[in-house]
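One structure is given here, and the rest of the page talks about it.
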Amino acid sequence: MFLFEPISILEVLIKGLFIGIIASAPMGPVGVLCLQRTLNKGRIFGLVTGIGAALSDIIYALITGFGMSFVMDFINNSHNLFILQLVGSVMLLFFGFYTFRSNPRRSFRPVSKKKGTLVQNFVTSFLLTFSNPLIIFLFIALFARFAFVMPGHPVAQCVGYVSILVGAFLWWLLLTYIVDKVRTRFEIRGVFILNRTIGIIVILAAIAGFVFTVTGLYSPVMK
């Protein structure tokens with residue numbers, strides 16, 4: 001059996017929070033939609049937009065984890081996991097560069113002046129996020145980098161998935177709070193700066209993960 005020993009619930013919690021934030025933070029169509037709804041309709045509408053995206057993300061995270069659990073025998077030794085973590089770090093590096101170079105302006109769309117119900121805003125956000133299955137590749141990279149699939153440890157795994165959802169929710173909560181507070185001074189330049197900052201953070205995390213893997217400074221595999 002493939003074991004992560006010892007399993008630290010706190011470590012799993014921190015990893016899950018980080019994964020949830022990284023999966024939610026880039027200013028793609030849903031992120032921009034959340035900003036626009038916060039500015040035009042109010043913070044609560046922006047927040048339910050983010051919650052809809054978070055629910056979609058956790059579904060894809062569960063699909064990713066369930067799929068990866070079938071190949072755990074392949075990484076049942078340190079060499080294979082070493083390769084998988086290197087690949088995960090490289091994938092994260094490319095994602096960071098993509099985020100850094102992306103242009104959030106392209107995602108801005110006219111937003112209806114009609115507020116609609118909170119349920120309608122939630123559902124449209126969920127469907128928009130769920131229509132992009134490419135998020136699975138990001139979760140594969142993150143799960144591989146952080147060795148997040150833990151067969152034989154159902155409690156830790158459940159804590160991990162819940163922490164992903166909490167991390168995503170905290171991101172949307174913080175984002176809508178900040179945008180709502182600076183709504184009179186909000187500029188598109190702020191979105192560019194935010195997106196580039198996120199890209200830099202992901203790039204640095206990917207480089208750090210690559211170095212840790214190569215040098216053996218951190219390895220979740222004990223046996």
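Following the order of the structure tokens, first chain is A, next is B, and so on, with residues numbered from 1 inside each chain and ligands from 1 in the order they appear.
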
9 Å contact set for stretch 84-92 of chain A, only C-alpha atoms, chain neighbours under 5 positions out, as a list of chain:residue names: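 Residues meeting the cut-off are A:Ile75, A:His79, A:Phe97, A:Phe137, A:Leu138, A:Ile140, A:Ala141, A:Leu142, A:Phe143, A:Ala144, A:Arg145, A:Phe146, A:Ala147, A:Val202, A:Ile203, A:Ala205, A:Ala206, A:Ile207, A:Ala208, A:Gly209, A:Phe210, A:Thr213, A:Val214.
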
Resulting file, chosen residues, N, CA, C and O atoms, as a compact mmCIF listing (two decimals), in the first residue's frame:
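Below you can see out33.txt, which holds the result:
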# COMPACT_ATOMS: atom_id res chain seq x y z
N ILE A 75 3.18 4.99 -8.65
CA ILE A 75 4.08 5.85 -7.89
C ILE A 75 4.27 5.28 -6.48
O ILE A 75 4.39 6.02 -5.50
N HIS A 79 11.19 6.72 -6.71
CA HIS A 79 11.65 7.17 -8.02
C HIS A 79 10.50 7.70 -8.87
O HIS A 79 10.60 8.79 -9.45
N PHE A 97 3.57 31.23 -15.67
CA PHE A 97 3.91 32.10 -16.79
C PHE A 97 2.67 32.49 -17.58
O PHE A 97 2.52 33.64 -18.01
N PHE A 137 -6.22 19.86 -15.33
CA PHE A 137 -4.77 19.80 -15.50
C PHE A 137 -4.06 20.60 -14.42
O PHE A 137 -2.98 20.22 -13.97
N LEU A 138 -4.67 21.70 -13.99
CA LEU A 138 -4.09 22.46 -12.89
C LEU A 138 -4.13 21.64 -11.60
O LEU A 138 -3.14 21.59 -10.85
N ILE A 140 -4.17 18.39 -11.38
CA ILE A 140 -3.20 17.30 -11.52
C ILE A 140 -1.81 17.80 -11.13
O ILE A 140 -1.07 17.13 -10.40
N ALA A 141 -1.45 18.99 -11.63
CA ALA A 141 -0.14 19.56 -11.32
C ALA A 141 -0.01 19.82 -9.82
O ALA A 141 1.02 19.49 -9.21
N LEU A 142 -1.05 20.39 -9.22
CA LEU A 142 -0.99 20.71 -7.79
C LEU A 142 -0.98 19.44 -6.94
O LEU A 142 -0.21 19.34 -5.96
N PHE A 143 -1.82 18.47 -7.29
CA PHE A 143 -1.87 17.23 -6.53
C PHE A 143 -0.55 16.47 -6.63
O PHE A 143 -0.09 15.86 -5.66
N ALA A 144 0.05 16.49 -7.83
CA ALA A 144 1.33 15.80 -8.02
C ALA A 144 2.44 16.50 -7.23
O ALA A 144 3.24 15.85 -6.56
N ARG A 145 2.46 17.81 -7.32
CA ARG A 145 3.51 18.58 -6.64
C ARG A 145 3.45 18.38 -5.13
O ARG A 145 4.48 18.23 -4.46
N PHE A 146 2.24 18.36 -4.56
CA PHE A 146 2.09 18.29 -3.11
C PHE A 146 1.71 16.90 -2.61
O PHE A 146 1.38 16.74 -1.45
N ALA A 147 1.79 15.89 -3.51
CA ALA A 147 1.47 14.52 -3.12
C ALA A 147 0.17 14.50 -2.32
O ALA A 147 0.10 14.02 -1.19
N VAL A 202 2.95 31.85 -8.14
CA VAL A 202 2.90 30.47 -8.65
C VAL A 202 4.25 30.06 -9.23
O VAL A 202 4.72 28.93 -9.01
N ILE A 203 4.89 30.96 -9.96
CA ILE A 203 6.21 30.67 -10.53
C ILE A 203 7.22 30.38 -9.42
O ILE A 203 7.98 29.39 -9.49
N ALA A 205 6.57 29.37 -6.38
CA ALA A 205 6.21 28.11 -5.72
C ALA A 205 6.67 26.92 -6.55
O ALA A 205 7.14 25.91 -6.01
N ALA A 206 6.53 27.03 -7.89
CA ALA A 206 6.95 25.95 -8.77
C ALA A 206 8.46 25.75 -8.72
O ALA A 206 8.96 24.62 -8.66
N ILE A 207 9.20 26.86 -8.73
CA ILE A 207 10.66 26.78 -8.65
C ILE A 207 11.10 26.17 -7.32
O ILE A 207 11.99 25.32 -7.27
N ALA A 208 10.46 26.63 -6.24
CA ALA A 208 10.79 26.10 -4.92
C ALA A 208 10.50 24.60 -4.85
O ALA A 208 11.31 23.81 -4.32
N GLY A 209 9.35 24.19 -5.41
CA GLY A 209 9.01 22.78 -5.43
C GLY A 209 10.00 21.96 -6.23
O GLY A 209 10.38 20.84 -5.82
N PHE A 210 10.46 22.51 -7.34
CA PHE A 210 11.45 21.83 -8.18
C PHE A 210 12.75 21.64 -7.40
O PHE A 210 13.35 20.56 -7.40
N THR A 213 12.39 19.08 -4.60
CA THR A 213 12.34 17.71 -5.12
C THR A 213 13.73 17.22 -5.53
O THR A 213 14.14 16.10 -5.18
N VAL A 214 14.46 18.05 -6.25
CA VAL A 214 15.79 17.67 -6.75
C VAL A 214 16.77 17.47 -5.61
O VAL A 214 17.57 16.52 -5.60

Alpha helix (DSSP H) residues, from DSSP on the backbone, in stretch 22-220 of chain A, as a ChimeraX atom specification: /A:22-24,29-40,43-68,78-101,118-130,135-145,154-181,188-215

Near-stretch 164-176 of chain A list (10 Å; only C-alpha atoms; drop same-chain fewer than 6 positions) as an MDAnalysis selection string: chainID A and resid 12:25 31 34:35 37:39 42:59 61 158

Using only C-alpha atoms: which of A:Lys41, A:Asp180, A:Ile136, A:Phe100 has the shortest distance to A:Gly116: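 Using only C-alpha atoms, the shortest distance to A:Gly116 belongs to A:Lys41.
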
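In this comparison, which uses only C-alpha atoms, the residue of A:Ile83, A:Leu62, A:Leu10, A:Val32 approaching A:Val179 most closely is A:Val32.
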
Coordinates-based distance that separates atom CA of A:Asn40 from atom CA of A:Val191 (Å, one decimal):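 About the pair atom CA of A:Val191 and atom CA of A:Asn40: they are 16.1 Å apart.
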
Interatomic distance (Å, one decimal) between atom CA of A:Ile63 and atom CA of A:Ser131: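 Interatomic distance here is 14.5 Å.
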
Å distance separating atom CA of A:Ile135 from atom CA of A:Phe95, one decimal place: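 About the pair atom CA of A:Ile135 and atom CA of A:Phe95: they are 10.8 Å apart.
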